[in-house]
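Raw contents of model_16.txt, compact mmCIF, C-alpha atoms:
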```
# COMPACT_ATOMS: atom_id res chain seq x y z
CA MET A 299 -159.66 -180.72 133.25
CA ARG A 300 -162.41 -178.71 131.63
CA LYS A 301 -160.02 -175.78 131.06
CA LEU A 302 -157.52 -178.14 129.41
CA ILE A 303 -160.20 -179.48 127.07
CA VAL A 304 -161.32 -175.96 126.17
CA PHE A 305 -157.69 -174.96 125.58
CA LEU A 306 -157.08 -177.95 123.32
CA ILE A 307 -160.24 -177.22 121.34
CA LEU A 308 -159.21 -173.58 120.88
CA LEU A 309 -155.71 -174.67 119.88
CA ILE A 310 -157.11 -177.02 117.25
CA VAL A 311 -159.37 -174.27 115.90
CA VAL A 312 -156.43 -171.85 115.67
CA LEU A 313 -154.22 -174.42 113.95
CA VAL A 314 -156.94 -175.28 111.44
CA ALA A 315 -157.46 -171.57 110.73
CA LEU A 316 -153.72 -171.03 110.27
CA ASP A 317 -153.58 -174.07 108.02
CA ARG A 318 -156.32 -172.72 105.76
CA VAL A 319 -154.82 -169.20 105.66
CA ALA A 320 -151.40 -170.61 104.80
CA VAL A 321 -152.70 -172.90 102.05
CA ALA A 322 -154.64 -170.01 100.50
CA GLY A 323 -151.48 -167.90 100.39
CA VAL A 324 -149.32 -170.58 98.80
CA GLN A 325 -152.06 -171.50 96.32
CA ARG A 326 -152.21 -167.84 95.31
CA ASP A 327 -148.43 -167.71 94.85
CA LEU A 328 -148.43 -170.91 92.78
CA ALA A 329 -151.34 -169.61 90.69
CA ASN A 330 -149.31 -166.51 89.80
CA ARG A 331 -146.27 -168.65 88.97
CA ILE A 332 -148.27 -171.04 86.80
CA ALA A 333 -149.88 -168.09 85.00
CA ALA A 334 -146.43 -166.66 84.27
CA ALA A 335 -145.03 -170.03 83.18
CA SER A 336 -148.03 -170.62 80.92
CA ASP A 337 -148.17 -167.06 79.51
CA LEU A 338 -151.77 -166.71 80.64
CA SER A 339 -153.65 -163.42 80.75
CA GLY A 340 -155.76 -164.60 83.70
CA THR A 341 -155.00 -166.40 86.95
CA PRO A 342 -155.59 -170.17 87.06
CA THR A 343 -157.32 -172.01 89.87
CA VAL A 344 -154.84 -173.94 92.02
CA THR A 345 -155.61 -176.52 94.69
CA ILE A 346 -153.01 -178.13 96.96
CA GLU A 347 -154.17 -181.62 97.85
CA GLY A 348 -153.62 -183.21 101.23
CA ILE A 349 -153.99 -182.07 104.83
CA PRO A 350 -152.66 -180.80 107.13
CA PHE A 351 -151.08 -178.24 104.83
CA LEU A 352 -148.67 -176.87 107.46
CA THR A 353 -146.92 -180.24 107.59
CA GLN A 354 -146.30 -180.03 103.85
CA ALA A 355 -145.15 -176.40 104.11
CA LEU A 356 -142.64 -177.18 106.84
CA SER A 357 -141.21 -180.06 104.84
CA GLY A 358 -141.18 -178.00 101.62
CA HIS A 359 -142.76 -180.91 99.76
CA TYR A 360 -146.23 -181.02 98.20
CA PRO A 361 -147.15 -184.42 96.73
CA GLU A 362 -149.95 -183.13 94.49
CA VAL A 363 -150.91 -179.68 93.22
CA ARG A 364 -153.88 -179.43 90.86
CA PHE A 365 -154.53 -176.50 88.52
CA ASP A 366 -157.15 -175.42 86.00
CA LEU A 367 -156.03 -173.15 83.15
CA GLY A 368 -159.39 -172.78 81.40
CA THR A 369 -159.13 -172.34 77.61
CA PHE A 370 -155.61 -172.20 76.20
CA THR A 371 -154.69 -171.41 72.57
CA TYR A 372 -151.97 -173.73 71.33
CA GLY A 373 -150.55 -172.49 68.05
CA GLY A 374 -153.93 -171.10 67.04
CA VAL A 375 -155.81 -174.21 68.21
CA PRO A 376 -158.06 -173.55 71.23
CA ILE A 377 -157.90 -176.26 73.89
CA ARG A 378 -160.78 -176.13 76.33
CA ASN A 379 -160.79 -177.16 79.97
CA LEU A 380 -157.01 -177.42 80.12
CA ARG A 381 -156.20 -178.81 83.54
CA GLY A 382 -153.34 -180.62 85.13
CA THR A 383 -151.48 -181.87 88.14
CA ALA A 384 -147.96 -181.17 89.35
CA TYR A 385 -146.55 -184.08 91.33
CA ASP A 386 -143.76 -184.06 93.93
CA VAL A 387 -143.54 -180.29 94.10
CA THR A 388 -140.65 -178.92 96.15
CA ALA A 389 -140.78 -175.39 97.53
CA PRO A 390 -138.43 -174.88 100.51
CA LEU A 391 -140.08 -172.88 103.28
CA ASP A 392 -137.09 -170.54 103.76
CA GLY A 393 -137.28 -169.58 100.09
CA ILE A 394 -141.00 -168.85 100.35
CA LEU A 395 -140.49 -166.70 103.46
CA GLN A 396 -137.79 -164.70 101.64
CA ASN A 397 -139.98 -164.46 98.53
CA ARG A 398 -137.34 -166.29 96.52
CA PRO A 399 -138.66 -169.83 96.36
CA ASN A 400 -137.10 -172.38 94.06
CA VAL A 401 -140.23 -174.29 93.04
CA GLN A 402 -139.78 -177.52 91.11
CA ALA A 403 -142.18 -180.30 90.11
CA GLY A 404 -141.00 -183.86 89.62
CA ARG A 405 -143.67 -184.37 86.96
CA VAL A 406 -146.44 -182.33 85.37
CA ALA A 407 -149.36 -183.93 83.53
CA ILE A 408 -152.04 -181.93 81.72
CA SER A 409 -155.07 -182.68 79.57
CA GLY A 410 -157.56 -180.67 77.57
CA THR A 411 -160.22 -180.97 74.91
CA LEU A 412 -160.41 -180.11 71.23
CA THR A 413 -164.11 -179.62 70.61
CA LYS A 414 -165.89 -181.01 67.56
CA ALA A 415 -166.46 -177.42 66.41
CA THR A 416 -162.69 -176.79 66.46
CA ILE A 417 -161.94 -180.05 64.64
CA ASP A 418 -164.63 -179.24 62.07
CA LYS A 419 -162.76 -176.06 61.08
CA TYR A 420 -159.79 -178.16 59.90
CA ALA A 421 -161.87 -180.71 57.97
CA PRO A 422 -161.95 -180.63 54.14
CA SER A 423 -164.67 -178.57 52.51
CA GLY A 424 -167.97 -180.44 52.48
CA VAL A 425 -166.98 -182.74 55.38
CA LYS A 426 -168.84 -182.44 58.68
CA ILE A 427 -167.37 -183.78 61.94
CA GLY A 428 -169.58 -185.55 64.46
CA GLY A 429 -169.45 -188.43 66.89
CA ASN A 430 -171.22 -191.67 67.73
CA GLY A 431 -170.42 -191.80 71.45
CA ARG A 432 -167.31 -193.93 70.88
CA ARG A 433 -165.35 -192.25 68.12
CA LEU A 434 -165.28 -189.20 65.90
CA THR A 435 -167.27 -189.52 62.69
CA ALA A 436 -167.31 -187.67 59.40
CA SER A 437 -170.08 -187.22 56.87
CA GLY A 438 -170.21 -185.48 53.53
CA GLU A 439 -169.21 -186.28 49.96
CA VAL A 440 -166.13 -187.88 48.42
CA THR A 441 -165.28 -187.57 44.73
CA VAL A 442 -165.09 -190.90 42.87
CA GLY A 443 -164.14 -190.26 39.24
CA ALA A 444 -166.51 -187.56 38.05
CA GLN A 445 -169.11 -188.29 40.71
CA LYS A 446 -169.58 -187.12 44.27
CA VAL A 447 -170.61 -189.96 46.55
CA PRO A 448 -172.22 -189.25 49.95
CA PHE A 449 -170.47 -191.03 52.83
CA ASN A 450 -170.44 -191.65 56.56
CA ALA A 451 -167.25 -192.84 58.23
CA GLU A 452 -165.59 -193.40 61.58
CA LEU A 453 -162.29 -191.60 62.04
CA ARG A 454 -158.92 -192.72 63.35
CA VAL A 455 -156.76 -190.21 65.21
CA ASP A 456 -152.96 -190.48 65.25
CA LEU A 457 -150.25 -188.37 66.82
CA THR A 458 -147.62 -186.98 64.47
CA ASP A 459 -144.48 -184.90 64.99
CA ASP A 460 -146.44 -181.79 64.02
CA GLY A 461 -149.77 -182.41 65.71
CA ILE A 462 -152.70 -184.74 65.02
CA LYS A 463 -153.68 -186.56 61.85
CA ILE A 464 -157.33 -187.51 61.37
CA GLN A 465 -158.07 -190.27 58.88
CA ALA A 466 -161.23 -192.06 57.77
CA GLU A 467 -160.82 -195.79 58.41
CA LYS A 468 -163.67 -197.07 56.30
CA ILE A 469 -166.31 -195.33 54.26
CA GLU A 470 -169.59 -197.12 53.74
CA GLY A 471 -170.31 -197.75 50.07
CA VAL A 472 -166.89 -196.53 48.91
CA PRO A 473 -163.76 -198.64 48.17
CA ASP A 474 -161.38 -198.75 51.14
CA GLN A 475 -158.50 -197.21 49.18
CA LEU A 476 -160.53 -194.02 48.74
CA ALA A 477 -160.74 -193.49 52.50
CA GLN A 478 -157.29 -191.88 52.30
CA PHE A 479 -158.88 -188.89 50.61
CA VAL A 480 -160.76 -188.09 53.81
CA SER A 481 -157.71 -187.17 55.85
CA PHE A 482 -156.57 -183.90 57.39
CA PRO A 483 -154.09 -182.62 59.99
CA ILE A 484 -154.54 -180.38 63.00
CA PRO A 485 -151.11 -178.80 63.43
CA PHE A 486 -149.69 -177.94 66.84
CA GLN A 487 -147.30 -175.01 66.82
CA GLY A 488 -145.76 -173.14 69.70
CA LYS A 489 -145.50 -174.46 73.25
CA LEU A 490 -147.85 -175.92 75.79
CA PRO A 491 -147.47 -174.81 79.44
CA PHE A 492 -144.28 -176.08 81.10
CA ASP A 493 -143.05 -177.34 77.70
CA VAL A 494 -145.01 -180.55 78.16
CA LYS A 495 -145.07 -182.92 75.20
CA VAL A 496 -148.28 -184.41 73.85
CA THR A 497 -148.28 -188.11 74.68
CA GLY A 498 -151.79 -189.26 73.84
CA VAL A 499 -155.08 -188.41 72.19
CA LYS A 500 -158.46 -190.12 72.52
CA SER A 501 -162.07 -189.61 71.49
CA VAL A 502 -164.43 -188.23 74.13
CA ALA A 503 -168.03 -187.03 73.98
CA GLU A 504 -166.95 -183.40 73.38
CA GLY A 505 -164.38 -184.21 70.67
CA LEU A 506 -160.77 -185.18 71.31
CA GLU A 507 -158.89 -185.17 74.60
CA ILE A 508 -155.16 -184.66 74.44
CA SER A 509 -152.78 -185.52 77.26
CA ALA A 510 -149.23 -184.29 77.76
CA GLU A 511 -146.42 -184.68 80.29
CA ALA A 512 -143.03 -183.35 81.32
CA SER A 513 -140.52 -184.24 84.04
CA ASP A 514 -138.31 -182.09 86.29
CA VAL A 515 -140.30 -178.94 85.64
CA PRO A 516 -139.32 -175.56 87.17
CA ILE A 517 -142.29 -173.38 88.14
CA ARG A 518 -140.86 -169.90 87.90
CA GLY A 519 -142.64 -166.71 88.76
```

Structure translated into structure tokens:
Amino acid sequence: MRKLIVFLILLIVVLVALDRVAVAGVQRDLANRIAAASDLSGTPTVTIEGIPFLTQALSGHYPEVRFDLGTFTYGGVPIRNLRGTAYDVTAPLDGILQNRPNVQAGRVAISGTLTKATIDKYAPSGVKIGGNGRRLTASGEVTVGAQKVPFNAELRVDLTDDGIKIQAEKIEGVPDQLAQFVSFPIPFQGKLPFDVKVTGVKSVAEGLEISAEASDVPIRG
């Protein structure tokens, strides 16, 4: 009985070790594929969620694969902490063993941050971008007739076909119709990884967080 228990313990240890070695290998392969698909110079961090991994490998189905791309330049606009998740990833085991896997994700969702410093570079001359913990703010001067009037304003952020439009909603001490003069775009040109489309933008402590998604995404190496 004691020998059986020892054998079972050793078997579990071996299986756990194999599981961890296998997951490390597949994570490395996916990291290289994601780097190629994203046109990255470095290798991203990839984590396959869920255990045991070998069960997922045998089925060729990985419910959730997380990745961190670091800083990514999107049409000249640096996006920090770009990270994402690939859901319902299929990678048949026979393809992996033959080094010709057909890897596909049912959905990919990513998010990243435009810092206040980046946003500030696109603001009109004399306008400084900040935040109040809830929303982006702007301060500076607006021209009213022949005079320059100091202002502080909260900003509204809208998605456009070409990127993001930032608009003052209300400027203290200045007629509402003049708020339109404190408005500027941040254009998005080129492609995000996996050809995801920007679906949302919101204010966060660091600046603006963008989110993007795509469906039926091939992850080619």

Pick out the residues sitting within 10 Å of A:Thr416, and hand them over as a list in words; count all atoms listed in the file, and ignore anything fewer than 5 positions along from it in its own chain.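 Returned residues: Val375, Pro376, Ile377, Thr411, Ala421, Ile427, Ile484, Gly505 and Leu506 of chain A.
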
What is the distance, in Å and to one decimal place, between atom CA of A:Thr345 and atom CA of A:Arg378?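 Separation of atom CA of A:Thr345 and atom CA of A:Arg378: 19.1 Å.
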
Between A:Leu490, A:Leu412, A:Ile346, A:Ala451, which one has atoms that come closest to A:Val502, using all atoms listed in the file?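 Of A:Leu490, A:Leu412, A:Ile346, A:Ala451, the one nearest A:Val502, counting all atoms listed in the file, is A:Leu412.
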
Answer as a ChimeraX atom specification, residues within 10 Å of (-158.2, -189.6, 70.7) using only C-alpha atoms: /A:411-412,433-434,453-457,462,464,498-502,505-509

In Å, how far is it from atom CA of A:His359 to atom CA of A:Ala512? 18.6 Å

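A straight line drawn from atom CA of A:Gly382 to atom CA of A:Glu452 is 29.5 Å long.
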
Go through A:Asn400, A:Thr343, A:Thr371, A:Gln465 and flag the residue nearest A:Val480, using only C-alpha atoms for the distances. A:Gln465

Complete the atoms of stretch 445-464 of chain A to N, CA and C atoms and put them out as a short mmCIF file (atom, residue, chain, number, x, y, z; two decimals), in the frame of the given file.
```cif
data_model
loop_
_atom_site.label_atom_id
_atom_site.label_comp_id
_atom_site.auth_asym_id
_atom_site.auth_seq_id
_atom_site.Cartn_x
_atom_site.Cartn_y
_atom_site.Cartn_z
N GLN A 445 -167.93 -188.34 39.86
CA GLN A 445 -169.11 -188.29 40.71
C GLN A 445 -168.76 -187.99 42.17
N LYS A 446 -169.69 -187.36 42.83
CA LYS A 446 -169.58 -187.12 44.27
C LYS A 446 -170.49 -188.10 44.99
N VAL A 447 -169.88 -188.91 45.85
CA VAL A 447 -170.61 -189.96 46.55
C VAL A 447 -170.78 -189.58 48.02
N PRO A 448 -172.02 -189.54 48.52
CA PRO A 448 -172.22 -189.25 49.95
C PRO A 448 -171.59 -190.37 50.80
N PHE A 449 -171.10 -190.02 51.98
CA PHE A 449 -170.47 -191.03 52.83
C PHE A 449 -170.69 -190.72 54.30
N ASN A 450 -170.54 -191.75 55.11
CA ASN A 450 -170.44 -191.65 56.56
C ASN A 450 -169.28 -192.54 56.99
N ALA A 451 -168.44 -192.06 57.87
CA ALA A 451 -167.25 -192.84 58.23
C ALA A 451 -166.86 -192.58 59.69
N GLU A 452 -166.25 -193.60 60.30
CA GLU A 452 -165.59 -193.40 61.58
C GLU A 452 -164.15 -192.95 61.30
N LEU A 453 -163.59 -192.19 62.25
CA LEU A 453 -162.29 -191.60 62.04
C LEU A 453 -161.26 -192.16 63.02
N ARG A 454 -160.05 -192.33 62.53
CA ARG A 454 -158.92 -192.72 63.35
C ARG A 454 -158.08 -191.48 63.62
N VAL A 455 -157.56 -191.37 64.83
CA VAL A 455 -156.76 -190.21 65.21
C VAL A 455 -155.37 -190.68 65.60
N ASP A 456 -154.35 -190.11 64.97
CA ASP A 456 -152.96 -190.48 65.25
C ASP A 456 -152.15 -189.24 65.61
N LEU A 457 -151.20 -189.43 66.53
CA LEU A 457 -150.25 -188.37 66.82
C LEU A 457 -149.16 -188.34 65.76
N THR A 458 -148.74 -187.14 65.38
CA THR A 458 -147.62 -186.98 64.47
C THR A 458 -146.61 -186.02 65.12
N ASP A 459 -145.48 -185.82 64.46
CA ASP A 459 -144.48 -184.90 64.99
C ASP A 459 -144.98 -183.47 65.02
N ASP A 460 -145.95 -183.17 64.15
CA ASP A 460 -146.44 -181.79 64.02
C ASP A 460 -147.80 -181.55 64.64
N GLY A 461 -148.44 -182.60 65.15
CA GLY A 461 -149.77 -182.41 65.71
C GLY A 461 -150.59 -183.69 65.69
N ILE A 462 -151.78 -183.60 65.10
CA ILE A 462 -152.70 -184.74 65.02
C ILE A 462 -153.09 -184.96 63.57
N LYS A 463 -153.17 -186.22 63.16
CA LYS A 463 -153.68 -186.56 61.85
C LYS A 463 -154.98 -187.32 62.02
N ILE A 464 -156.02 -186.87 61.31
CA ILE A 464 -157.33 -187.51 61.37
C ILE A 464 -157.61 -188.17 60.03
#
```
